[in-house]
Amino acid sequence: MLSTESTEQIMTFMDVRTQPVETETHEVLNQVPPLTGYNLFLTDKTLVEALRREGADWAEEQLAELGRLLGTEEVQRWGFDANENKPVLHTHDRYGNRRDEVIFHPAWHNLMRTSVEHRLHSLPWVEKRAGAQVTRAALMMLASQNEAGHTCPISMTFSAVAALRAEPEVAQEWEPRILSSEYDPSFRPVQEKSGALIGMAMTEKQGGSDVRANTTRAERIGHGLHATEFLITGHKWFCSAPMCDAFLVLAQTANGLSCFLLPRWTPTGEKNRFHIQRLKDKMGNRSNASSEVEFEGAWARLLGEEGRGVSTIIEMVHHTRLDCAIGAAAVMRQALVQAVHHAHHRKAFGKLLIDQPLMRNVLADLALESEAATLLMVRLARAFDRRETDPQERAFCRIATAISKFWLCKRSTMQVGEALECLGGNGYVEESIMPRLYREAPLNSIWEGSGNVICLDILRALSREPEAADALVEELRSVSGADKRLDGYVAEIGTSLESQLKQSLKSGTSEIEGQARRLAERFALALQAVQMVRQGPPPIAEAFIASRLGDDHGRTFGTLPAGTQLEAILERGRAL
Ligand SMILES: Cc1cc2nc3c(=O)[nH]c(=O)nc-3n(C[C@H](O)[C@H](O)[C@H](O)COP(=O)(O)OP(=O)(O)OC[C@H]3O[C@@H](n4cnc5c(N)ncnc54)[C@H](O)[C@@H]3O)c2cc1C
């Protein structure tokens, strides 16, 4: 028992501890106000101009509404909450039965609901209007700036429609729910739901990029009218968004690698034998669940021709690659506006950072990169808009998707790293969005075909699809005469490609493979320069060509040549 004296002493001590500390707090000076309460669409001149150019002004109101919403403090908070509270896997219920459910934070559902209601997963499939793909690309670009993780299932759902249409009967059954604007996260048979999401499972432990090395097997169980029914046994090493309602899956049949639609529930209303083993502990993209799954005789339906699974699923992959390009452009834009905003408020050595000549060079260089990324992404989306009716655009789309996916994803990793540094130490802290952007950037480059694989795909398109090569050349020459440096650059690519092809043919080797990145890089820069000349404001086009195509460039950002009109470029990156 404590003496009265000791009790009093303790009470006095506790009183001191619980009283506010009577010290004069320092005033917080020279810190930057948060970038909030701005419209992500209306403040992006490049995107607004692109929409109008593509005849998609019908969508401006919707874009402005989503842009406003995403810039509010509340919706910005959803992005942080969804990433700070990672999804949780429940493999079994309390009685030991398999459950295979992933539980997400409410912020994730808010993000998903907002994107589904704005039809990011469906718009071009339901709106047959000019610029529908460009509009959807713009919507995706806005959503990805706020929170990129949730755009994974949105993108897969959108892209799956292209492949599902290989089987009109399946498309007819699934499309009404896939294209619905209602977000329904309940775990029930799809017939009981108001909306559905679709994922994709190709990658296996031993066969990632090399999908032909897949070992998952499919055994036919149906006959006659049910001949497309199979049971799938095997695993997938990466399967993102496993709470989707169905997955496009690759598996081997007696006739080779084939594509299947594997739902989470069988048509008779039982849980399919789709078992989630664990969730990946990822470097970024934390709001999204990426899992390892086992199929133990899971029911599935053949899509497309048996043995031609890659050709069937490639239609989906083509669209997800477009989304990687959009995601990369989004990361760059968000990194840029954060950096420019910071520089307008932070002083160092007696001046705002935005007035420091070297910082102006860095920021302008970042803005150029972002402008060029947006323009290339929009040009690609335009090709998607027209590919059904215009064979030239279809051919261009084939090769430009690979070029843009490779280049924009590579550049975004570098661009966001530099933008982060513009915020100094504050850019390295989780409370800013910069670490999240930095972690997200390399992912776009890895999935849907990693850098090398995409570059080899460019070579494949060049050698096997002459119409794709012709469409690319046509695009590169479309502004010829406008700038001598660009003309020279394009001519030089042609000459070097020709000599490399000859050399490879002569030596009978695939030496040209080792040069595929050099080639992809040059194509991409030339394509960006063409868009700049055609659509970019003249000082910006001039700076891009001088710094990217001419000899007058450095190896890091912030090396624009003297005389560059920085003001005009910087003005594009200001959000508030
Ligand atoms: C977060 C996350 C989520 C994912 N979600 C899904 C999903 O939902 N569904 C799904 O199917 N997959 C998913 N993936 C898997 C992803 O698509 C693969 O990781 C990717 O395709 C690369 O395959 P891999 O990991 O097996 O690497 P590998 O194929 O082993 O490639 C390793 C490296 O080698 C290079 N390389 C490969 N072949 C060649 C070559 N011939 N010449 C030169 N270089 C080469 C590649 O470019 C890469 O850099 C996800 C991955 C991540 C990280």
# chains A, B, ... in the order shown; residues from 1 in each chain; ligands from 1
$ closest_atom_pairs --of "chain A" --to "ligand 1" --cutoff "6 Å" --atoms "only C-alpha atoms and all ligand atoms" --output "CSV"
residue,atom,partner,partner_atom_place_in_ligand_line,distance
A:Met200,CA,ligand 1,9 (N),4.9
A:Ala201,CA,ligand 1,11 (O),3.9
A:Met202,CA,ligand 1,11 (O),3.5
A:Thr203,CA,ligand 1,11 (O),4.0
A:Gly207,CA,ligand 1,26 (O),5.6
A:Gly208,CA,ligand 1,26 (O),2.9
A:Ser209,CA,ligand 1,29 (O),3.6
A:Asp210,CA,ligand 1,29 (O),5.8
A:Phe238,CA,ligand 1,13 (C),4.4
A:Cys239,CA,ligand 1,8 (O),3.8
A:Ser240,CA,ligand 1,8 (O),3.6
A:Ser290,CA,ligand 1,3 (C),5.5
A:Ile446,CA,ligand 1,20 (C),5.4
A:Trp447,CA,ligand 1,17 (O),3.8
A:Glu448,CA,ligand 1,17 (O),4.9
A:Gly449,CA,ligand 1,21 (O),4.8
A:Ser450,CA,ligand 1,47 (O),4.1
A:Gly451,CA,ligand 1,47 (O),4.9
A:Asn452,CA,ligand 1,47 (O),4.0
A:Val453,CA,ligand 1,47 (O),4.8
$ closest_atom_pairs --of "region 72-170 of chain A" --to "region 242-260 of chain A" --cutoff "10 Å" --atoms "only C-alpha atoms" --output "tab-separated table"
residue	atom	partner	partner_atom	distance
A:Leu89	CA	A:Pro242	CA	9.9
A:Asp100	CA	A:Met243	CA	8.8
A:Glu101	CA	A:Met243	CA	6.8
A:Val102	CA	A:Met243	CA	6.5
A:Ile103	CA	A:Met243	CA	8.9
A:Phe104	CA	A:Met243	CA	9.9
A:Pro153	CA	A:Cys244	CA	7.5
A:Met156	CA	A:Phe247	CA	9.3
A:Thr157	CA	A:Cys244	CA	8.7
A:Ala160	CA	A:Leu248	CA	7.6
A:Ala163	CA	A:Leu248	CA	8.7
A:Leu164	CA	A:Leu248	CA	8.8
$ closest_residue --among "A:Gln76, A:Gln62, A:Gln133, A:Ser115" --to "Glu388 (chain A)" --atoms "only C-alpha atoms"
A:Gln133
$ closest_residue --among "A:Leu358, A:Leu459, A:Ala468, A:Leu262" --to "Leu497 (chain A)" --atoms "only C-alpha atoms"
A:Leu459
$ closest_residue --among "A:Thr114, A:Ser370, A:Ser181, A:Ser122" --to "Ser412 (chain A)" --atoms "only C-alpha atoms"
A:Ser370
$ atom_distance --atom1 "CA of Gly195 (chain A)" --atom2 "CA of Lys271 (chain A)"
18.1 Å
$ residues_around --residues "Thr72 (chain A)" --least-positions-apart "4" --cutoff "9 Å" --atoms "only C-alpha atoms" --output "PyMOL selection string"
chain A and resi 36-39+68+76-77
$ closest_residue --among "A:Met141, A:Ala241, A:Leu443, A:Val211" --to "Met283 (chain A)" --atoms "only C-alpha atoms"
A:Leu443
$ closest_atom_pairs --of "region 150-200 of chain A" --to "region 106-112 of chain A" --cutoff "9 Å" --atoms "only C-alpha atoms" --output "CSV"
residue,atom,partner,partner_atom,distance
A:His150,CA,A:Met112,CA,6.4
A:Thr151,CA,A:Met112,CA,8.0
A:Pro153,CA,A:Met112,CA,8.8
A:Ile154,CA,A:Met112,CA,7.8
A:Tyr183,CA,A:Met112,CA,7.1
A:Pro185,CA,A:His109,CA,7.8
$ write_last_selection --atoms "C-alpha atoms" --output "mmCIF file, in the first residue's frame"
data_model
loop_
_atom_site.group_PDB
_atom_site.id
_atom_site.type_symbol
_atom_site.label_atom_id
_atom_site.label_comp_id
_atom_site.auth_asym_id
_atom_site.auth_seq_id
_atom_site.Cartn_x
_atom_site.Cartn_y
_atom_site.Cartn_z
ATOM 1 C CA HIS A 150 -7.920 0.178 -58.193
ATOM 2 C CA THR A 151 -7.536 0.862 -61.912
ATOM 3 C CA PRO A 153 -9.504 -4.476 -62.103
ATOM 4 C CA ILE A 154 -11.113 -1.556 -63.950
ATOM 5 C CA TYR A 183 -20.482 -1.540 -58.681
ATOM 6 C CA PRO A 185 -18.654 -6.182 -54.772
#
$ residues_around --residues "Ser180 (chain A)" --least-positions-apart "5" --cutoff "12 Å" --atoms "only C-alpha atoms" --output "number ranges by chain"
A: 113, 115-123, 125-126, 157-158, 174-175, 193-197
$ write_last_selection --atoms "N, CA and C atoms" --output "PDB file, in the first residue's frame"
ATOM      1  N   ARG A 113     -16.328   2.194 -56.866  1.00  0.00           N
ATOM      2  CA  ARG A 113     -17.691   2.636 -57.208  1.00  0.00           C
ATOM      3  C   ARG A 113     -17.622   3.888 -58.092  1.00  0.00           C
ATOM      4  N   SER A 115     -15.233   4.884 -60.077  1.00  0.00           N
ATOM      5  CA  SER A 115     -14.740   4.603 -61.431  1.00  0.00           C
ATOM      6  C   SER A 115     -15.766   3.827 -62.257  1.00  0.00           C
ATOM      7  N   VAL A 116     -16.469   2.894 -61.618  1.00  0.00           N
ATOM      8  CA  VAL A 116     -17.488   2.132 -62.362  1.00  0.00           C
ATOM      9  C   VAL A 116     -18.645   3.062 -62.745  1.00  0.00           C
ATOM     10  N   GLU A 117     -19.044   3.921 -61.814  1.00  0.00           N
ATOM     11  CA  GLU A 117     -20.157   4.830 -62.132  1.00  0.00           C
ATOM     12  C   GLU A 117     -19.786   5.796 -63.249  1.00  0.00           C
ATOM     13  N   HIS A 118     -18.490   6.124 -63.336  1.00  0.00           N
ATOM     14  CA  HIS A 118     -18.055   6.997 -64.438  1.00  0.00           C
ATOM     15  C   HIS A 118     -17.699   6.193 -65.690  1.00  0.00           C
ATOM     16  N   ARG A 119     -17.942   4.917 -65.671  1.00  0.00           N
ATOM     17  CA  ARG A 119     -17.814   4.015 -66.825  1.00  0.00           C
ATOM     18  C   ARG A 119     -16.380   3.921 -67.368  1.00  0.00           C
ATOM     19  N   LEU A 120     -15.427   3.950 -66.469  1.00  0.00           N
ATOM     20  CA  LEU A 120     -14.035   3.793 -66.913  1.00  0.00           C
ATOM     21  C   LEU A 120     -13.808   2.383 -67.461  1.00  0.00           C
ATOM     22  N   HIS A 121     -14.657   1.450 -67.049  1.00  0.00           N
ATOM     23  CA  HIS A 121     -14.514   0.049 -67.465  1.00  0.00           C
ATOM     24  C   HIS A 121     -15.328  -0.265 -68.716  1.00  0.00           C
ATOM     25  N   SER A 122     -16.118   0.691 -69.196  1.00  0.00           N
ATOM     26  CA  SER A 122     -17.079   0.297 -70.232  1.00  0.00           C
ATOM     27  C   SER A 122     -17.329   1.318 -71.327  1.00  0.00           C
ATOM     28  N   LEU A 123     -16.964   2.549 -71.116  1.00  0.00           N
ATOM     29  CA  LEU A 123     -17.479   3.629 -71.962  1.00  0.00           C
ATOM     30  C   LEU A 123     -17.410   3.375 -73.479  1.00  0.00           C
ATOM     31  N   TRP A 125     -17.350   0.711 -75.123  1.00  0.00           N
ATOM     32  CA  TRP A 125     -18.173  -0.425 -75.562  1.00  0.00           C
ATOM     33  C   TRP A 125     -19.643  -0.045 -75.600  1.00  0.00           C
ATOM     34  N   VAL A 126     -20.025   0.993 -74.843  1.00  0.00           N
ATOM     35  CA  VAL A 126     -21.447   1.361 -74.814  1.00  0.00           C
ATOM     36  C   VAL A 126     -21.744   2.682 -75.528  1.00  0.00           C
ATOM     37  N   THR A 157     -11.323  -5.423 -66.626  1.00  0.00           N
ATOM     38  CA  THR A 157     -12.735  -5.590 -66.982  1.00  0.00           C
ATOM     39  C   THR A 157     -13.010  -4.970 -68.352  1.00  0.00           C
ATOM     40  N   PHE A 158     -12.503  -3.762 -68.531  1.00  0.00           N
ATOM     41  CA  PHE A 158     -12.658  -3.077 -69.823  1.00  0.00           C
ATOM     42  C   PHE A 158     -12.048  -3.913 -70.954  1.00  0.00           C
ATOM     43  N   TRP A 174     -22.479 -12.412 -70.478  1.00  0.00           N
ATOM     44  CA  TRP A 174     -21.733 -11.652 -69.471  1.00  0.00           C
ATOM     45  C   TRP A 174     -21.793 -10.135 -69.635  1.00  0.00           C
ATOM     46  N   GLU A 175     -21.897  -9.686 -70.900  1.00  0.00           N
ATOM     47  CA  GLU A 175     -21.755  -8.238 -71.121  1.00  0.00           C
ATOM     48  C   GLU A 175     -22.728  -7.351 -70.348  1.00  0.00           C
ATOM     49  N   LYS A 193     -26.115 -10.744 -59.429  1.00  0.00           N
ATOM     50  CA  LYS A 193     -25.427  -9.466 -59.199  1.00  0.00           C
ATOM     51  C   LYS A 193     -25.848  -8.384 -60.193  1.00  0.00           C
ATOM     52  N   SER A 194     -25.629  -7.119 -59.783  1.00  0.00           N
ATOM     53  CA  SER A 194     -26.000  -6.026 -60.678  1.00  0.00           C
ATOM     54  C   SER A 194     -24.809  -5.533 -61.501  1.00  0.00           C
ATOM     55  N   GLY A 195     -23.619  -6.015 -61.188  1.00  0.00           N
ATOM     56  CA  GLY A 195     -22.431  -5.621 -61.956  1.00  0.00           C
ATOM     57  C   GLY A 195     -21.359  -6.673 -61.778  1.00  0.00           C
ATOM     58  N   ALA A 196     -20.475  -6.812 -62.767  1.00  0.00           N
ATOM     59  CA  ALA A 196     -19.434  -7.848 -62.666  1.00  0.00           C
ATOM     60  C   ALA A 196     -18.071  -7.289 -63.088  1.00  0.00           C
ATOM     61  N   LEU A 197     -17.027  -7.869 -62.508  1.00  0.00           N
ATOM     62  CA  LEU A 197     -15.656  -7.482 -62.849  1.00  0.00           C
ATOM     63  C   LEU A 197     -14.910  -8.710 -63.365  1.00  0.00           C
TER      64      LEU A 197
END
$ atom_distance --atom1 "CA of Glu465 (chain A)" --atom2 "CA of Gln515 (chain A)"
19.2 Å
